[in-house]
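Step one of this worksheet: look at the structure below.
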Amino acid sequence: MLTTSTTRVLEPQELDEALAVLNRDPVSNAFVAARVQVAGLDPWRLGGEMWGWYSGGRLESLCYAGANLVPICATPEAVRGFAERARRAGRRCSSIVGPAETTAGLWSLLEPSWGPAREVRARQPLMVTNAMPADTPPDPLVRRVRKDEMDVIMPACVAMFTEEVGVSPLTGDGGLLYQARVAELVTAGRSFARIENGRVVFKAEIGAATPHACQIQGVWVAPEYRGRGLSETGMAAVLRYALGEVAPVVSLYVNDFNTAARAAYRRVGFREVGAFMSVLF
């Protein structure tokens, strides 16, 4: 039994304890919870380590350390413990992302050794809804992307990622990992689009899903179609799938400077309940 505060990598047999921590905030933790529910805690299957902060022998906080560094239900003491472990390990992630206050504390401790970041997005409102919009009809042309439409959806996914993150997902490995992730969502039936004449007009994905909550990501409208309300009717269509087939609560987070997107999401019933922060390398 651990009697002092400490951090260590969780073992696969500690899955139930990890899920109990993740379920404290099923909306904010949907991304990591979805991965853990599918892969467990084995680092190879999970795509990274799950660090635990223990106090008096009890698991209190988590930090996912993979392609992203994600603090989960982290107390100030846990943040310090995770920062120390991350400093010793060296930076291997492409971003730090999580609840704004916790992530800001973690970054303040890591910036002297990990900085500078390519970009810091200090406040990204977290928005949720549990009901279909009353005044926005779902776009009847938005549907699931078929497996044989990978060549159609990929250019839109690359354009969205590049526009959102500031770098192309095709750099490094030539886009193999990114293409695999897109294919995974298409195969799972969680990729949606309106396609006209072989081109994507609107798209979005349900990127993370648990029995408690799911998270919409990758919302994109082709530039020449913007300003026509397609984001609202398209989101309403994706919400119909999400609420009807996936989870009772749907979430997303958006950059605070993207006032047009925030307004569009409010029009389809999303409300702000908190904020995330992202540090991009």
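As shown in the structure tokens, the chain order sets the letters A, B, ...; within each chain, residues go from 1, and ligands are also counted from 1 in the order they appear.
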* To do: Extract the full set of strand (DSSP E or B) residues from range 102-136 of chain A according to DSSP on the backbone, and format it as a ChimeraX atom specification.
  => /A:119-129
* Asked: Excluding same-chain residues fewer than 3 positions from Tyr64 in chain A, what lies within 10 Å of it counting only C-alpha atoms, as an NGL selection string?
  -> :A and (9 or 32 or 36 or 46-52 or 67-72 or 82 or 96)
With N, CA and C atoms retained, could you export that selection as an mmCIF file, in the first residue's frame?
data_model
loop_
_atom_site.group_PDB
_atom_site.id
_atom_site.type_symbol
_atom_site.label_atom_id
_atom_site.label_comp_id
_atom_site.auth_asym_id
_atom_site.auth_seq_id
_atom_site.Cartn_x
_atom_site.Cartn_y
_atom_site.Cartn_z
ATOM 1 N N VAL A 9 3.164 4.858 -13.401
ATOM 2 C CA VAL A 9 2.388 4.363 -14.534
ATOM 3 C C VAL A 9 1.392 3.320 -14.038
ATOM 4 N N VAL A 32 -10.230 10.717 -23.523
ATOM 5 C CA VAL A 32 -9.377 9.698 -22.914
ATOM 6 C C VAL A 32 -10.208 8.502 -22.480
ATOM 7 N N VAL A 36 -9.571 4.511 -23.306
ATOM 8 C CA VAL A 36 -9.342 3.532 -22.237
ATOM 9 C C VAL A 36 -10.376 2.417 -22.291
ATOM 10 N N LEU A 46 -3.001 1.330 -25.832
ATOM 11 C CA LEU A 46 -3.540 2.648 -25.519
ATOM 12 C C LEU A 46 -2.882 3.752 -26.335
ATOM 13 N N GLY A 47 -1.683 3.492 -26.833
ATOM 14 C CA GLY A 47 -0.957 4.514 -27.570
ATOM 15 C C GLY A 47 -0.246 5.498 -26.671
ATOM 16 N N GLY A 48 0.014 5.086 -25.448
ATOM 17 C CA GLY A 48 0.710 5.940 -24.493
ATOM 18 C C GLY A 48 0.556 5.392 -23.095
ATOM 19 N N GLU A 49 1.205 6.032 -22.157
ATOM 20 C CA GLU A 49 1.109 5.617 -20.763
ATOM 21 C C GLU A 49 -0.009 6.379 -20.050
ATOM 22 N N MET A 50 -0.578 5.757 -19.035
ATOM 23 C CA MET A 50 -1.503 6.448 -18.159
ATOM 24 C C MET A 50 -0.817 6.619 -16.812
ATOM 25 N N TRP A 51 -0.526 7.870 -16.469
ATOM 26 C CA TRP A 51 0.110 8.145 -15.194
ATOM 27 C C TRP A 51 -0.958 8.357 -14.132
ATOM 28 N N GLY A 52 -0.680 7.864 -12.938
ATOM 29 C CA GLY A 52 -1.602 8.055 -11.837
ATOM 30 C C GLY A 52 -0.957 8.834 -10.707
ATOM 31 N N ALA A 67 0.391 10.797 -27.759
ATOM 32 C CA ALA A 67 0.580 11.859 -28.749
ATOM 33 C C ALA A 67 0.177 13.210 -28.171
ATOM 34 N N ASN A 68 -0.749 13.187 -27.195
ATOM 35 C CA ASN A 68 -1.127 14.371 -26.432
ATOM 36 C C ASN A 68 -0.811 14.114 -24.967
ATOM 37 N N LEU A 69 -0.536 15.164 -24.231
ATOM 38 C CA LEU A 69 -0.419 15.080 -22.780
ATOM 39 C C LEU A 69 -1.699 15.674 -22.213
ATOM 40 N N VAL A 70 -2.475 14.848 -21.477
ATOM 41 C CA VAL A 70 -3.814 15.256 -21.059
ATOM 42 C C VAL A 70 -3.979 15.055 -19.555
ATOM 43 N N PRO A 71 -3.994 16.131 -18.759
ATOM 44 C CA PRO A 71 -4.262 15.988 -17.328
ATOM 45 C C PRO A 71 -5.746 15.740 -17.087
ATOM 46 N N ILE A 72 -6.046 14.861 -16.137
ATOM 47 C CA ILE A 72 -7.426 14.431 -15.907
ATOM 48 C C ILE A 72 -7.740 14.511 -14.423
ATOM 49 N N PHE A 82 2.900 15.397 -12.106
ATOM 50 C CA PHE A 82 2.904 15.062 -13.535
ATOM 51 C C PHE A 82 3.949 15.893 -14.282
ATOM 52 N N ILE A 96 -0.313 19.639 -25.497
ATOM 53 C CA ILE A 96 -0.883 19.457 -24.168
ATOM 54 C C ILE A 96 -2.294 20.000 -24.252
#
* **Selection near Met277 in chain A, 9 Å with only C-alpha atoms, sequence-local residues under 2 positions removed, as a list in words** => Ile96, Val97, Gly98, Pro99, Ala100, Glu101, Thr102, Thr103, Ala104, Val120, Arg121, Ala122, Arg123, Gln124, Pro125, Ala275 and Val279 of chain A
Take the residues from that selection and write them out as a CSV table (one decimal), in the first residue's frame, keeping N, CA, C and O atoms.
chain,number,residue,atom,x,y,z
A,96,ILE,N,-0.3,19.6,-25.5
A,96,ILE,CA,-0.9,19.5,-24.2
A,96,ILE,C,-2.3,20.0,-24.3
A,96,ILE,O,-2.5,21.1,-24.7
A,97,VAL,N,-3.3,19.2,-23.8
A,97,VAL,CA,-4.7,19.7,-23.9
A,97,VAL,C,-5.4,19.2,-22.7
A,97,VAL,O,-5.2,18.0,-22.3
A,98,GLY,N,-6.3,20.0,-22.2
A,98,GLY,CA,-7.2,19.6,-21.1
A,98,GLY,C,-7.9,20.8,-20.5
A,98,GLY,O,-7.9,21.9,-21.1
A,99,PRO,N,-8.6,20.7,-19.4
A,99,PRO,CA,-9.3,21.8,-18.8
A,99,PRO,C,-8.3,23.0,-18.6
A,99,PRO,O,-7.1,22.8,-18.2
A,100,ALA,N,-8.8,24.2,-18.9
A,100,ALA,CA,-8.0,25.3,-19.0
A,100,ALA,C,-7.1,25.6,-17.8
A,100,ALA,O,-5.9,25.8,-17.9
A,101,GLU,N,-7.7,25.6,-16.6
A,101,GLU,CA,-6.9,26.0,-15.4
A,101,GLU,C,-5.8,24.9,-15.1
A,101,GLU,O,-4.7,25.3,-14.8
A,102,THR,N,-6.2,23.7,-15.2
A,102,THR,CA,-5.2,22.6,-15.0
A,102,THR,C,-4.1,22.6,-16.0
A,102,THR,O,-2.9,22.5,-15.7
A,103,THR,N,-4.5,22.8,-17.3
A,103,THR,CA,-3.5,22.8,-18.3
A,103,THR,C,-2.5,24.0,-18.2
A,103,THR,O,-1.3,23.9,-18.5
A,104,ALA,N,-3.1,25.1,-17.8
A,104,ALA,CA,-2.3,26.3,-17.7
A,104,ALA,C,-1.2,26.1,-16.6
A,104,ALA,O,-0.1,26.5,-16.7
A,120,VAL,N,-0.2,28.7,-28.3
A,120,VAL,CA,-0.9,28.5,-27.0
A,120,VAL,C,-2.3,29.0,-27.2
A,120,VAL,O,-2.5,30.2,-27.5
A,121,ARG,N,-3.3,28.2,-27.1
A,121,ARG,CA,-4.7,28.6,-27.2
A,121,ARG,C,-5.3,28.5,-25.8
A,121,ARG,O,-5.7,27.4,-25.3
A,122,ALA,N,-5.2,29.6,-25.1
A,122,ALA,CA,-5.5,29.6,-23.6
A,122,ALA,C,-6.9,29.3,-23.2
A,122,ALA,O,-7.1,28.8,-22.1
A,123,ARG,N,-7.9,29.7,-24.1
A,123,ARG,CA,-9.2,29.4,-23.7
A,123,ARG,C,-10.0,28.9,-24.9
A,123,ARG,O,-10.2,29.7,-25.9
A,124,GLN,N,-10.5,27.7,-24.8
A,124,GLN,CA,-11.3,27.1,-25.9
A,124,GLN,C,-12.6,26.6,-25.2
A,124,GLN,O,-12.6,25.6,-24.5
A,125,PRO,N,-13.7,27.4,-25.4
A,125,PRO,CA,-14.9,27.1,-24.7
A,125,PRO,C,-15.4,25.6,-24.9
A,125,PRO,O,-15.4,25.2,-26.1
A,275,ALA,N,-14.0,25.5,-20.1
A,275,ALA,CA,-13.1,25.8,-21.1
A,275,ALA,C,-11.9,24.8,-21.1
A,275,ALA,O,-11.5,24.4,-20.1
A,279,VAL,N,-1.9,23.6,-25.9
A,279,VAL,CA,-0.5,24.0,-26.2
A,279,VAL,C,0.0,23.2,-27.3
A,279,VAL,O,0.1,22.0,-27.2
* To do: Please identify all polymer residues within 12 Å of Val27 in chain A, counting only C-alpha atoms, omitting same-chain residues fewer than 2 positions from it, and present them as a PyMOL selection string.
  => chain A and resi 22-25+29-34+72-73+98-99+126-130+208-216+247-253+273-276
* To do: Per DSSP on the backbone, filter range 17-258 of chain A down to the residues in helix (DSSP H, G or I) and report them as number ranges by chain.
  => A: 17-22, 30-39, 43-46, 76-89, 100-114, 147-165, 176-187, 223-225, 230-245
* To do: Please provide the set of residues having any atom within 8 Å of Val142 in chain A, restricted to only C-alpha atoms, with same-chain residues fewer than 5 positions apart removed, written as number ranges by chain.
  => A: 192-195, 202, 234, 237-238
Can I get the selection written as a JSON list (two decimals), in the first residue's frame, with N, CA, C and O atoms?
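Done, and the output landed in out_7.json:
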[["chain", "number", "residue", "atom", "x", "y", "z"],
["A", 192, "PHE", "N", -19.34, 11.97, -40.93],
["A", 192, "PHE", "CA", -20.55, 12.44, -41.60],
["A", 192, "PHE", "C", -20.19, 13.57, -42.56],
["A", 192, "PHE", "O", -19.31, 14.38, -42.30],
["A", 193, "ALA", "N", -20.92, 13.61, -43.68],
["A", 193, "ALA", "CA", -20.63, 14.65, -44.67],
["A", 193, "ALA", "C", -21.82, 14.88, -45.58],
["A", 193, "ALA", "O", -22.69, 14.01, -45.75],
["A", 194, "ARG", "N", -21.83, 16.06, -46.14],
["A", 194, "ARG", "CA", -22.70, 16.37, -47.29],
["A", 194, "ARG", "C", -21.79, 16.43, -48.49],
["A", 194, "ARG", "O", -20.86, 17.25, -48.53],
["A", 195, "ILE", "N", -22.02, 15.59, -49.45],
["A", 195, "ILE", "CA", -21.16, 15.47, -50.63],
["A", 195, "ILE", "C", -21.96, 15.82, -51.87],
["A", 195, "ILE", "O", -23.03, 15.24, -52.11],
["A", 202, "PHE", "N", -19.85, 19.88, -46.45],
["A", 202, "PHE", "CA", -19.83, 19.96, -44.99],
["A", 202, "PHE", "C", -19.37, 18.61, -44.46],
["A", 202, "PHE", "O", -19.69, 17.57, -45.04],
["A", 234, "GLY", "N", -26.03, 21.24, -40.85],
["A", 234, "GLY", "CA", -25.16, 20.07, -40.82],
["A", 234, "GLY", "C", -24.95, 19.56, -39.42],
["A", 234, "GLY", "O", -25.00, 18.35, -39.16],
["A", 237, "ALA", "N", -27.88, 17.71, -38.17],
["A", 237, "ALA", "CA", -27.92, 16.35, -38.70],
["A", 237, "ALA", "C", -27.00, 15.42, -37.92],
["A", 237, "ALA", "O", -27.37, 14.28, -37.60],
["A", 238, "VAL", "N", -25.79, 15.90, -37.61],
["A", 238, "VAL", "CA", -24.86, 15.07, -36.83],
["A", 238, "VAL", "C", -25.40, 14.85, -35.42],
["A", 238, "VAL", "O", -25.28, 13.75, -34.86]]
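In terms of minimum interatomic distance to Val268 in chain A, A:Met235 ranks closest within A:Met150, A:Val182, A:Met160, A:Met235, counting only C-alpha atoms.
Picture a line from CA of Met132 in chain A to CA of Trp220 in chain A; it runs 20.0 Å.
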* Asked: What is the distance, in Å and to one decimal place, between CA of Gly166 in chain A and CA of Phe281 in chain A?
  -> 10.6 Å
* Distance CA of Ser168 in chain A-CA of Val219 in chain A, one decimal place? ->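 Computing it gives 16.4 Å between the two atoms.
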* To do: Using only C-alpha atoms, determine which residues lie at most 10 Å from Tyr225 in chain A, disregarding the query and same-chain residues fewer than 4 positions distant; provide the list as JSON, numbers by chain.
  => {"A": [201, 202, 221, 229, 230, 231]}
Dump as a compact mmCIF listing (two decimals), in the first residue's frame, selection limited to C-alpha atoms:
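part_6.txt was written with the following content:
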# COMPACT_ATOMS: atom_id res chain seq x y z
CA VAL A 201 -19.50 20.59 -48.75
CA PHE A 202 -19.83 19.96 -44.99
CA VAL A 221 -17.56 23.80 -44.42
CA GLY A 229 -26.09 28.27 -42.74
CA LEU A 230 -24.75 24.85 -43.70
CA SER A 231 -22.82 24.54 -40.44
* **Non-local contacts of Gly81 in chain A (10 Å; only C-alpha atoms; under 6 positions in same chain excluded) as a PyMOL selection string** => chain A and resi 5-8+51-54+74-75+106
